[in-house]
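*Asks:* Sending over model.txt (compact mmCIF, C-alpha atoms).
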```
# COMPACT_ATOMS: atom_id res chain seq x y z
CA MET A 1136 138.61 172.51 189.89
CA GLN A 1137 135.29 172.00 188.15
CA ALA A 1138 137.04 170.06 185.37
CA VAL A 1139 138.83 167.88 187.92
CA SER A 1140 135.57 167.25 189.79
CA GLU A 1141 133.82 166.26 186.57
CA LEU A 1142 136.68 163.96 185.55
CA PHE A 1143 136.64 162.24 188.94
CA ARG A 1144 132.85 161.87 188.90
CA LYS A 1145 132.90 160.14 185.52
CA ASN A 1146 135.67 157.76 186.60
CA ILE A 1147 134.78 157.42 190.28
CA ARG A 1148 135.13 153.61 190.34
CA GLN A 1149 138.58 153.55 188.76
CA TYR A 1150 140.02 156.56 190.58
CA GLY A 1151 138.38 155.58 193.86
CA MET A 1152 140.15 152.22 193.87
CA ILE A 1153 143.48 153.78 192.88
CA ILE A 1154 143.17 156.20 195.79
CA ALA A 1155 142.23 153.29 198.08
CA LEU A 1156 145.27 151.30 196.87
CA VAL A 1157 147.59 154.26 197.52
CA PHE A 1158 146.05 154.84 200.96
CA ILE A 1159 146.34 151.17 201.98
CA THR A 1160 149.92 151.00 200.69
CA VAL A 1161 150.97 154.11 202.63
CA LEU A 1162 149.18 152.87 205.76
CA PHE A 1163 150.95 149.50 205.79
CA GLN A 1164 154.25 151.10 204.80
CA ILE A 1165 154.02 153.09 208.03
CA LEU A 1166 152.72 150.21 210.16
CA THR A 1167 155.47 147.84 208.92
CA ASP A 1168 158.26 150.41 209.43
CA GLY A 1169 159.05 150.56 205.74
CA ILE A 1170 159.20 146.81 205.06
CA LEU A 1171 156.21 146.73 202.69
CA LEU A 1172 157.88 148.66 199.86
CA LYS A 1173 161.33 147.12 200.11
CA PRO A 1174 162.47 145.59 196.78
CA LEU A 1175 162.40 142.02 198.11
CA ASN A 1176 158.88 142.40 199.48
CA ILE A 1177 157.55 144.06 196.31
CA THR A 1178 158.91 141.13 194.30
CA ASN A 1179 157.28 138.72 196.75
CA LEU A 1180 153.98 140.62 196.37
CA ILE A 1181 154.08 140.05 192.61
CA LEU A 1182 154.94 136.36 192.96
CA GLN A 1183 152.39 135.72 195.73
CA ASN A 1184 149.46 137.33 193.90
CA SER A 1185 150.22 136.47 190.28
CA TYR A 1186 147.87 133.49 190.06
CA ILE A 1187 144.99 135.47 191.63
CA LEU A 1188 145.54 138.33 189.18
CA VAL A 1189 145.41 135.89 186.26
CA LEU A 1190 142.13 134.51 187.58
CA ALA A 1191 140.78 138.04 188.12
CA ILE A 1192 141.33 138.87 184.43
CA GLY A 1193 139.13 135.96 183.38
CA MET A 1194 136.65 136.41 186.23
CA VAL A 1195 135.92 140.05 185.39
CA LEU A 1196 134.76 138.98 181.90
CA VAL A 1197 132.45 136.39 183.48
CA ILE A 1198 131.07 138.97 185.92
CA ILE A 1199 130.56 141.56 183.17
CA THR A 1200 128.32 139.05 181.36
CA GLY A 1201 126.25 138.76 184.55
CA HIS A 1202 127.52 135.32 185.60
CA ILE A 1203 129.87 133.93 188.25
CA ASP A 1204 132.40 131.07 188.29
CA LEU A 1205 132.91 129.25 191.60
CA SER A 1206 134.97 126.42 190.11
CA VAL A 1207 138.19 128.23 189.19
CA GLY A 1208 140.09 127.24 192.34
CA SER A 1209 139.26 123.56 191.87
CA VAL A 1210 140.06 123.75 188.14
CA ALA A 1211 143.43 125.35 188.94
CA ALA A 1212 144.19 122.54 191.41
CA PHE A 1213 143.10 119.85 188.92
CA ILE A 1214 145.23 121.27 186.10
CA GLY A 1215 148.22 121.56 188.44
CA ALA A 1216 147.77 117.91 189.33
CA LEU A 1217 147.59 116.88 185.67
CA ALA A 1218 150.70 118.93 184.89
CA ALA A 1219 152.58 117.21 187.73
CA ILE A 1220 151.56 113.75 186.49
CA MET A 1221 152.67 114.61 182.95
CA MET A 1222 155.98 116.27 183.84
CA VAL A 1223 157.06 114.34 186.94
CA ASN A 1224 155.56 110.86 186.43
CA TRP A 1225 155.41 110.59 182.63
CA GLN A 1226 158.43 112.80 181.80
CA VAL A 1227 156.49 114.81 179.21
CA PRO A 1228 158.54 117.84 177.98
CA THR A 1229 157.64 121.04 179.84
CA PHE A 1230 156.43 123.00 176.81
CA LEU A 1231 154.16 120.20 175.59
CA ALA A 1232 152.78 119.58 179.10
CA VAL A 1233 151.94 123.29 179.51
CA ILE A 1234 150.13 123.36 176.15
CA LEU A 1235 148.16 120.21 176.98
CA ALA A 1236 147.24 121.63 180.40
CA LEU A 1237 145.93 124.86 178.85
CA VAL A 1238 143.92 122.87 176.28
CA MET A 1239 142.43 120.80 179.10
CA GLY A 1240 141.49 124.02 180.91
CA ALA A 1241 139.77 125.29 177.75
CA LEU A 1242 137.83 122.00 177.45
CA ILE A 1243 136.69 122.29 181.07
CA GLY A 1244 135.56 125.85 180.35
CA ALA A 1245 133.71 124.62 177.25
CA TRP A 1246 131.99 121.91 179.32
CA GLN A 1247 130.72 124.45 181.85
CA GLY A 1248 129.96 127.06 179.19
CA PHE A 1249 127.75 124.57 177.33
CA TRP A 1250 125.52 124.03 180.38
CA VAL A 1251 125.31 127.76 181.11
CA ALA A 1252 124.90 129.11 177.57
CA TYR A 1253 122.86 126.44 175.79
CA VAL A 1254 121.09 124.45 178.51
CA LYS A 1255 120.43 127.66 180.49
CA ILE A 1256 121.37 126.25 183.88
CA PRO A 1257 122.41 129.17 186.13
CA ALA A 1258 126.19 129.64 186.23
CA PHE A 1259 126.13 129.56 190.03
CA ILE A 1260 124.80 125.97 189.98
CA VAL A 1261 127.00 124.76 187.10
CA THR A 1262 130.22 126.12 188.58
CA LEU A 1263 129.30 125.02 192.10
CA ALA A 1264 128.98 121.51 190.69
CA GLY A 1265 132.29 122.04 188.89
CA MET A 1266 133.94 123.13 192.12
CA LEU A 1267 132.95 119.87 193.80
CA LEU A 1268 133.65 117.73 190.73
CA PHE A 1269 137.17 118.98 190.01
CA ARG A 1270 138.15 119.08 193.67
CA GLY A 1271 137.20 115.42 193.88
CA LEU A 1272 139.05 114.60 190.65
CA THR A 1273 142.16 116.38 191.98
CA MET A 1274 142.20 114.14 195.05
CA ILE A 1275 141.62 111.05 192.90
CA VAL A 1276 144.41 111.69 190.39
CA LEU A 1277 146.87 112.63 193.15
CA GLY A 1278 145.80 109.76 195.38
CA GLY A 1279 145.65 112.17 198.31
CA GLN A 1280 149.41 112.88 198.07
CA SER A 1281 151.57 115.66 196.67
CA ILE A 1282 153.70 115.19 193.55
CA ALA A 1283 157.08 116.96 193.33
CA PRO A 1284 159.52 118.29 192.23
CA PHE A 1285 158.84 119.91 188.87
CA PRO A 1286 161.59 120.41 186.25
CA LYS A 1287 163.66 123.57 186.67
CA SER A 1288 162.39 124.91 183.33
CA PHE A 1289 158.82 124.78 184.66
CA GLN A 1290 159.71 126.36 188.01
CA ARG A 1291 161.14 129.38 186.20
CA ILE A 1292 157.62 130.36 185.08
CA SER A 1293 156.86 131.53 188.60
CA SER A 1294 160.24 131.99 190.25
CA GLY A 1295 162.55 133.05 187.41
CA PHE A 1296 163.69 136.54 186.36
CA ILE A 1297 164.58 137.97 182.98
CA PRO A 1298 168.39 138.02 182.56
CA ASP A 1299 170.29 141.32 182.45
CA TRP A 1300 171.79 141.56 178.96
CA PHE A 1301 173.81 144.61 180.03
CA GLY A 1302 175.53 142.92 182.97
CA GLY A 1303 174.74 145.69 185.45
CA GLY A 1304 176.06 143.86 188.51
CA GLY A 1305 174.27 145.27 191.57
CA LEU A 1306 171.71 147.11 189.41
CA HIS A 1307 169.56 145.33 186.80
CA ILE A 1308 170.09 147.71 183.86
CA LEU A 1309 167.68 145.94 181.49
CA THR A 1310 164.81 146.55 183.95
CA ILE A 1311 165.54 150.29 183.97
CA VAL A 1312 165.76 150.35 180.15
CA LEU A 1313 162.43 148.55 179.85
CA GLY A 1314 160.86 151.06 182.25
CA ILE A 1315 162.05 153.96 180.09
CA LEU A 1316 160.82 152.28 176.89
CA LEU A 1317 157.45 151.55 178.48
CA SER A 1318 157.19 155.20 179.55
CA ILE A 1319 157.89 156.40 176.00
CA LEU A 1320 155.34 153.95 174.60
CA TYR A 1321 152.74 155.10 177.13
CA ILE A 1322 153.30 158.81 176.35
CA TRP A 1323 153.05 158.16 172.61
CA GLN A 1324 149.86 156.10 173.00
CA GLU A 1325 148.16 158.69 175.24
CA TRP A 1326 149.13 161.58 172.95
CA LYS A 1327 147.89 159.67 169.89
CA GLU A 1328 144.60 158.88 171.67
CA ARG A 1329 144.09 162.52 172.63
CA ARG A 1330 144.74 163.73 169.06
CA THR A 1331 142.25 161.19 167.72
CA GLN A 1332 139.59 162.34 170.19
CA LEU A 1333 140.18 165.99 169.29
CA LYS A 1334 140.00 165.15 165.58
CA TYR A 1335 136.50 163.73 166.01
CA GLN A 1336 135.54 166.55 168.39
CA PHE A 1337 135.18 164.35 171.46
CA GLU A 1338 135.33 165.87 174.93
CA VAL A 1339 138.84 165.59 176.40
CA PRO A 1340 140.32 166.61 179.77
CA PRO A 1341 142.13 169.96 179.99
CA MET A 1342 145.77 169.88 178.87
CA TRP A 1343 147.10 170.43 182.40
CA THR A 1344 145.22 167.42 183.81
CA PHE A 1345 146.35 165.35 180.81
CA MET A 1346 149.99 166.29 181.44
CA LEU A 1347 149.65 165.72 185.19
CA GLN A 1348 148.30 162.21 184.57
CA ILE A 1349 151.21 161.41 182.25
CA VAL A 1350 153.84 162.79 184.65
CA VAL A 1351 152.44 160.85 187.61
CA LEU A 1352 152.14 157.54 185.75
CA VAL A 1353 155.57 157.85 184.12
CA ALA A 1354 157.05 158.56 187.56
CA VAL A 1355 155.28 155.50 189.02
CA ILE A 1356 156.45 153.25 186.16
CA ASN A 1357 160.10 154.29 186.47
CA LEU A 1358 160.12 154.24 190.27
CA PHE A 1359 158.62 150.73 190.18
CA THR A 1360 161.20 149.44 187.69
CA LEU A 1361 164.01 151.12 189.64
CA VAL A 1362 162.93 149.32 192.83
CA LEU A 1363 162.81 145.99 190.97
CA ALA A 1364 166.22 146.72 189.42
CA THR A 1365 167.81 146.96 192.87
CA TYR A 1366 166.83 143.34 193.55
CA ASN A 1367 166.76 140.70 190.76
CA GLY A 1368 164.95 142.67 188.08
CA ILE A 1369 161.62 141.82 186.47
CA PRO A 1370 160.11 138.41 187.35
CA ASN A 1371 159.05 136.23 184.41
CA ILE A 1372 155.51 136.13 185.74
CA LEU A 1373 155.28 139.93 185.57
CA ILE A 1374 155.97 139.76 181.81
CA ILE A 1375 153.14 137.22 181.45
CA LEU A 1376 150.79 139.43 183.47
CA PHE A 1377 151.73 142.51 181.45
CA PHE A 1378 150.88 140.88 178.14
CA LEU A 1379 147.63 139.46 179.52
CA ILE A 1380 146.55 142.90 180.78
CA VAL A 1381 147.44 144.61 177.48
CA ILE A 1382 145.77 141.97 175.30
CA TYR A 1383 142.56 141.68 177.33
CA SER A 1384 142.25 145.45 177.79
CA PHE A 1385 142.61 145.90 174.03
CA VAL A 1386 140.01 143.21 173.29
CA MET A 1387 137.51 144.62 175.78
CA ASN A 1388 137.93 148.26 174.76
CA ARG A 1389 138.75 148.16 171.05
CA MET A 1390 137.38 144.94 169.54
CA VAL A 1391 133.91 143.67 168.66
CA PRO A 1392 133.98 140.64 171.02
CA GLY A 1393 134.67 142.94 173.97
CA ARG A 1394 131.76 145.23 173.07
CA HIS A 1395 129.52 142.17 172.73
CA ILE A 1396 130.50 141.06 176.25
CA TYR A 1397 129.54 144.47 177.66
CA ALA A 1398 126.31 144.49 175.65
CA LEU A 1399 125.38 141.03 176.94
CA GLY A 1400 125.97 142.04 180.55
CA GLY A 1401 124.15 145.35 180.15
CA ASN A 1402 120.94 143.91 178.71
CA GLU A 1403 120.79 140.39 177.28
CA LYS A 1404 117.48 140.85 175.45
CA ALA A 1405 118.57 144.12 173.85
CA ALA A 1406 121.89 142.55 172.85
CA THR A 1407 120.08 139.61 171.21
CA LEU A 1408 117.78 141.96 169.29
CA SER A 1409 120.86 143.92 168.17
CA GLY A 1410 122.34 140.83 166.57
CA VAL A 1411 124.73 139.74 169.33
CA LYS A 1412 124.97 135.95 169.53
CA THR A 1413 124.59 135.90 173.27
CA LYS A 1414 124.84 132.13 173.71
CA LYS A 1415 128.08 132.03 171.76
CA VAL A 1416 129.51 134.95 173.72
CA THR A 1417 128.67 133.29 177.05
CA PHE A 1418 130.15 130.00 175.87
CA TRP A 1419 133.49 131.54 174.86
CA VAL A 1420 133.71 133.62 178.03
CA PHE A 1421 133.65 130.37 180.03
CA VAL A 1422 136.17 128.75 177.66
CA ASN A 1423 138.45 131.72 178.30
CA MET A 1424 137.89 131.41 182.06
CA GLY A 1425 138.82 127.73 181.96
CA THR A 1426 142.04 128.52 180.08
CA LEU A 1427 143.07 131.24 182.52
CA ALA A 1428 142.18 129.00 185.48
CA ALA A 1429 144.53 126.41 183.96
CA LEU A 1430 147.28 129.03 183.61
CA SER A 1431 146.73 130.09 187.21
CA GLY A 1432 147.01 126.47 188.33
CA LEU A 1433 150.30 126.09 186.44
CA ILE A 1434 151.70 129.28 187.97
CA PHE A 1435 150.72 128.19 191.48
CA ALA A 1436 152.17 124.70 191.00
CA ALA A 1437 155.41 126.19 189.66
CA ARG A 1438 155.65 128.49 192.68
CA LEU A 1439 155.04 125.65 195.17
CA ASN A 1440 157.18 123.27 193.10
CA SER A 1441 154.55 120.63 193.78
CA ALA A 1442 150.94 119.67 193.07
CA THR A 1443 148.88 119.22 196.23
CA PRO A 1444 145.26 118.13 196.84
CA LYS A 1445 144.57 121.38 198.75
CA ALA A 1446 145.88 123.70 196.02
CA GLY A 1447 143.50 126.39 194.78
CA THR A 1448 141.51 126.63 198.01
CA ASN A 1449 139.58 129.94 198.13
CA PHE A 1450 141.14 131.13 194.85
CA GLU A 1451 137.65 131.76 193.46
CA LEU A 1452 136.74 133.97 196.43
CA ASP A 1453 139.89 136.07 196.07
CA ALA A 1454 139.36 136.46 192.30
CA ILE A 1455 135.70 137.45 192.70
CA ALA A 1456 136.57 139.88 195.49
CA ALA A 1457 139.30 141.45 193.33
CA CYS A 1458 136.77 142.09 190.54
CA PHE A 1459 134.14 143.66 192.79
CA ILE A 1460 136.67 145.75 194.71
CA GLY A 1461 138.05 146.86 191.33
CA GLY A 1462 134.71 148.31 190.24
CA ALA A 1463 132.83 145.44 188.56
CA SER A 1464 129.08 145.51 189.09
CA ALA A 1465 127.25 142.58 190.67
CA SER A 1466 124.45 143.08 188.12
CA GLY A 1467 126.78 142.80 185.12
CA GLY A 1468 127.70 145.12 182.27
CA ILE A 1469 130.30 147.12 184.21
CA GLY A 1470 133.95 146.36 184.92
CA THR A 1471 137.44 146.63 183.47
CA VAL A 1472 140.51 144.42 183.30
CA VAL A 1473 142.66 147.16 184.84
CA GLY A 1474 140.08 147.60 187.61
CA ALA A 1475 140.23 143.88 188.43
CA ILE A 1476 144.04 144.10 188.61
CA ILE A 1477 143.81 147.10 190.95
CA GLY A 1478 141.31 145.18 193.09
CA GLY A 1479 143.66 142.21 193.18
CA LEU A 1480 146.53 144.46 194.24
CA VAL A 1481 144.38 145.95 197.01
CA MET A 1482 143.73 142.42 198.29
CA GLY A 1483 147.39 141.45 197.88
CA VAL A 1484 148.75 144.50 199.71
CA MET A 1485 146.23 143.97 202.51
CA ASN A 1486 147.18 140.29 202.86
CA ASN A 1487 150.89 141.04 202.82
CA GLY A 1488 150.63 144.05 205.13
CA MET A 1489 148.45 142.28 207.68
CA SER A 1490 150.85 139.31 207.70
CA LEU A 1491 153.85 141.61 208.23
CA ILE A 1492 152.25 143.30 211.26
CA GLY A 1493 151.32 139.92 212.73
CA LEU A 1494 147.53 139.83 212.30
CA GLY A 1495 146.12 136.31 212.46
CA VAL A 1496 144.32 134.61 209.56
CA ASP A 1497 140.97 135.02 211.35
CA TRP A 1498 141.36 138.80 211.47
CA GLN A 1499 142.60 138.89 207.89
CA GLN A 1500 139.54 137.02 206.60
CA GLY A 1501 137.18 139.26 208.54
CA ILE A 1502 138.78 142.48 207.31
CA LYS A 1503 138.81 141.27 203.68
CA GLY A 1504 135.12 140.37 203.96
CA LEU A 1505 134.33 143.83 205.29
CA VAL A 1506 136.27 145.50 202.46
CA LEU A 1507 134.38 143.43 199.87
CA LEU A 1508 131.03 144.36 201.42
CA LEU A 1509 131.95 148.06 201.42
CA ALA A 1510 133.07 147.88 197.77
CA VAL A 1511 129.74 146.40 196.64
CA ALA A 1512 127.82 148.90 198.80
CA PHE A 1513 129.84 151.70 197.16
CA ASP A 1514 128.83 150.37 193.72
CA ILE A 1515 125.14 150.26 194.65
CA TYR A 1516 125.31 153.76 196.14
CA ASN A 1517 126.83 155.16 192.93
CA LYS A 1518 124.18 153.48 190.79
CA SER A 1519 121.39 154.87 192.96
CA LYS A 1520 122.80 158.40 192.60
CA THR A 1521 123.06 158.20 188.80
CA SER A 1522 119.64 156.54 188.26
```
Let me see whether you can do it: turn the structure in this file into structure tokens.
*Replies:*
Amino acid sequence: MQAVSELFRKNIRQYGMIIALVFITVLFQILTDGILLKPLNITNLILQNSYILVLAIGMVLVIITGHIDLSVGSVAAFIGALAAIMMVNWQVPTFLAVILALVMGALIGAWQGFWVAYVKIPAFIVTLAGMLLFRGLTMIVLGGQSIAPFPKSFQRISSGFIPDWFGGGGLHILTIVLGILLSILYIWQEWKERRTQLKYQFEVPPMWTFMLQIVVLVAVINLFTLVLATYNGIPNILIILFFLIVIYSFVMNRMVPGRHIYALGGNEKAATLSGVKTKKVTFWVFVNMGTLAALSGLIFAARLNSATPKAGTNFELDAIAACFIGGASASGGIGTVVGAIIGGLVMGVMNNGMSLIGLGVDWQQGIKGLVLLLAVAFDIYNKSKTS
């Protein structure tokens, strides 16, 4: 029990949010009479929250550096509008239009990153200006009207599913196979990581807690894929999200740029004295945020099958809330990609559950605001206990 207590104390942010996610899921599963975890609704949860989760991945990097980006919703709307003009009005091929849209998002991020990193204007002011600027540009390029429909190939980004190569009929066999393969890969990775830590005499959890963690997560993975397999299988957007989570988690935990981002957020002066090019790091974090905002805008436009002047409204608030609920610190230097995803899922399950039980938008906004406030208060309380 002492080992378990110590393990929980060291990972209180991550485990606390996982417990909160499980509690909220069980609560709404009961309140909705079992509708929440039906295969169709789980698929809808993924599709409805995919663009916020993409934004949360980029936003958590910005928050770790000690900055904030208020423009991502407007940038997503602007990129969606540009994509619609290219694909619908100009008949640009889908693949080329997507690449050009992502490049435009990176350029927007570079524009804002320049003012923050090199001119030293606070990110709050720069991105607030960007929020107004790109919202206005969205209305200008769309002329105040929606543009639709997108080509079928583009719609499949957000509404398509991977085909079943095994022809399972009522059950999507490929989804089950992928769940098993992912479980094997996870077990191998965790075992390899534990052996490496033991080799260098690092402290590791007891074997029984290690095995319990593996059993629980493998069960969750296979139960999740089984539920998806009873509907249409794995959505295309889930594959995109999976690769984004894996790549960004690897960069942040195992690569030099990720360690530089944490160092910058922890103490900018100390990072500079240690040789970290803090201006360059800040610049590229905003370039990355612009690119992911563009991807989010494309995903949202594909889901709506149209580009609208009001697209992206409050996206930035949901992304920021997901990061803070997922354990990121308002003072910078703390946060994880997986934590931001968990925070986004907490928000998504709450939104979906409250809608299913008939709560109005006013109540939903109030409850989400209260949850965000409690998450930040929890972070401050933990820091005061450890200081």
*Asks:* Any idea what the distance is between CA of Gly1447 in chain A and CA of Leu1263 in chain A?
*Replies:*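 If I compute the distance from CA of Gly1447 in chain A to CA of Leu1263 in chain A, I get 14.5 Å.
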*Asks:* When you draw a straight line from CA of Ala1232 in chain A to CA of Ala1218 in chain A, how long is it in Å?
*Replies:*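 For CA of Ala1232 in chain A relative to CA of Ala1218 in chain A, the distance reads 6.2 Å.
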*Asks:* Identify, on the basis of all atoms listed in the file, every residue whose closest approach to Val1472 in chain A does not exceed 12 Å; exclude the query and any residue fewer than 3 positions from it along the same chain; express the result as a CSV table (one decimal) with C-alpha atoms, keeping the file's coordinate frame.
*Replies:*
```csv
chain,number,residue,atom,x,y,z
A,1149,GLN,CA,138.6,153.6,188.8
A,1188,LEU,CA,145.5,138.3,189.2
A,1189,VAL,CA,145.4,135.9,186.3
A,1190,LEU,CA,142.1,134.5,187.6
A,1191,ALA,CA,140.8,138.0,188.1
A,1192,ILE,CA,141.3,138.9,184.4
A,1193,GLY,CA,139.1,136.0,183.4
A,1194,MET,CA,136.6,136.4,186.2
A,1195,VAL,CA,135.9,140.0,185.4
A,1196,LEU,CA,134.8,139.0,181.9
A,1197,VAL,CA,132.4,136.4,183.5
A,1198,ILE,CA,131.1,139.0,185.9
A,1199,ILE,CA,130.6,141.6,183.2
A,1376,LEU,CA,150.8,139.4,183.5
A,1377,PHE,CA,151.7,142.5,181.4
A,1379,LEU,CA,147.6,139.5,179.5
A,1380,ILE,CA,146.6,142.9,180.8
A,1381,VAL,CA,147.4,144.6,177.5
A,1382,ILE,CA,145.8,142.0,175.3
A,1383,TYR,CA,142.6,141.7,177.3
A,1384,SER,CA,142.2,145.4,177.8
A,1385,PHE,CA,142.6,145.9,174.0
A,1386,VAL,CA,140.0,143.2,173.3
A,1387,MET,CA,137.5,144.6,175.8
A,1388,ASN,CA,137.9,148.3,174.8
A,1393,GLY,CA,134.7,142.9,174.0
A,1457,ALA,CA,139.3,141.4,193.3
A,1458,CYS,CA,136.8,142.1,190.5
A,1459,PHE,CA,134.1,143.7,192.8
A,1461,GLY,CA,138.0,146.9,191.3
A,1462,GLY,CA,134.7,148.3,190.2
A,1463,ALA,CA,132.8,145.4,188.6
A,1469,ILE,CA,130.3,147.1,184.2
A,1475,ALA,CA,140.2,143.9,188.4
A,1476,ILE,CA,144.0,144.1,188.6
A,1477,ILE,CA,143.8,147.1,191.0
A,1478,GLY,CA,141.3,145.2,193.1
A,1479,GLY,CA,143.7,142.2,193.2
```
*Asks:* Nearest to Arg1438 in chain A: which of A:Thr1200, A:Thr1407, A:Ser1294, A:Ser1318 is it, counting only C-alpha atoms?
*Replies:* A:Ser1294
*Asks:* So the first atom is CA of Tyr1516 in chain A and the second is CA of Thr1471 in chain A; what is the distance between them in Å, to one decimal place?
*Replies:*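 Spanning CA of Tyr1516 in chain A to CA of Thr1471 in chain A is a straight-line distance of 18.9 Å.
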*Asks:* Under the rule that only C-alpha atoms are counted, which of A:Ala1245, A:Ile1292, A:Ile1159, A:Leu1172 is the nearest residue to Leu1439 in chain A?
*Replies:*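 Between A:Ala1245, A:Ile1292, A:Ile1159, A:Leu1172, the residue approaching Leu1439 in chain A most closely is A:Ile1292.
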*Asks:* Report as a ChimeraX atom specification all protein, DNA and RNA residues lying within 12 Å of Leu1217 in chain A, evaluated on only C-alpha atoms, omitting residues in the same chain fewer than 6 positions from it.
*Replies:* /A:1210-1211,1223-1225,1227,1232-1240,1269,1272-1277,1281-1282,1429,1432-1433,1436,1441-1444
*Asks:* Measuring atom to atom with only C-alpha atoms, identify which of A:Ile1372, A:Ile1214, A:Met1152, A:Leu1491 is nearest to Phe1513 in chain A.
*Replies:* A:Met1152
*Asks:* Just give me the residues with any atom within 10 Å of (161.0, 146.5, 183.8), file coordinates, counting all atoms listed in the file, written as an MDAnalysis selection string.
*Replies:* chainID A and resid 1297 1307:1317 1356:1357 1359:1364 1368:1370 1373:1374
*Asks:* Mind listing whatever residues come within 9 Å of the point (122.7, 128.7, 174.2)? Use all atoms listed in the file, file coordinates, and give them as a PDB file with C-alpha atoms, in the frame of the given file.
*Replies:*
```
ATOM      1  CA  GLY A1248     129.960 127.060 179.190  1.00  0.00           C
ATOM      2  CA  PHE A1249     127.750 124.570 177.330  1.00  0.00           C
ATOM      3  CA  TRP A1250     125.520 124.030 180.380  1.00  0.00           C
ATOM      4  CA  VAL A1251     125.310 127.760 181.110  1.00  0.00           C
ATOM      5  CA  ALA A1252     124.900 129.110 177.570  1.00  0.00           C
ATOM      6  CA  TYR A1253     122.860 126.440 175.790  1.00  0.00           C
ATOM      7  CA  VAL A1254     121.090 124.450 178.510  1.00  0.00           C
ATOM      8  CA  LYS A1255     120.430 127.660 180.490  1.00  0.00           C
ATOM      9  CA  LYS A1412     124.970 135.950 169.530  1.00  0.00           C
ATOM     10  CA  THR A1413     124.590 135.900 173.270  1.00  0.00           C
ATOM     11  CA  LYS A1414     124.840 132.130 173.710  1.00  0.00           C
ATOM     12  CA  LYS A1415     128.080 132.030 171.760  1.00  0.00           C
ATOM     13  CA  THR A1417     128.670 133.290 177.050  1.00  0.00           C
ATOM     14  CA  PHE A1418     130.150 130.000 175.870  1.00  0.00           C
TER      15      PHE A1418
END
```
*Asks:* For Ile1260 in chain A, which residue among A:Met1222, A:Pro1341, A:Lys1287, A:Ser1206 is the nearest when counting only C-alpha atoms?
*Replies:* A:Ser1206
*Asks:* Write out as a PyMOL selection string each polymer residue whose atoms come within 10 Å of Gly1305 in chain A, counting only C-alpha atoms; drop sequence neighbours fewer than 4 positions from it.
*Replies:* chain A and resi 1364-1367
*Asks:* Nearest to Ala1283 in chain A: which of A:Pro1174, A:Gly1215, A:Gly1208, A:Gly1495 is it, counting only C-alpha atoms?
*Replies:*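 Looking at the shortest contact to Ala1283 in chain A, the residue is A:Gly1215.
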*Asks:* When distances are computed from only C-alpha atoms, which of A:Val1207, A:Leu1180, A:Ile1322, A:Ile1165 shows the smallest separation from Ile1455 in chain A?
*Replies:* A:Val1207
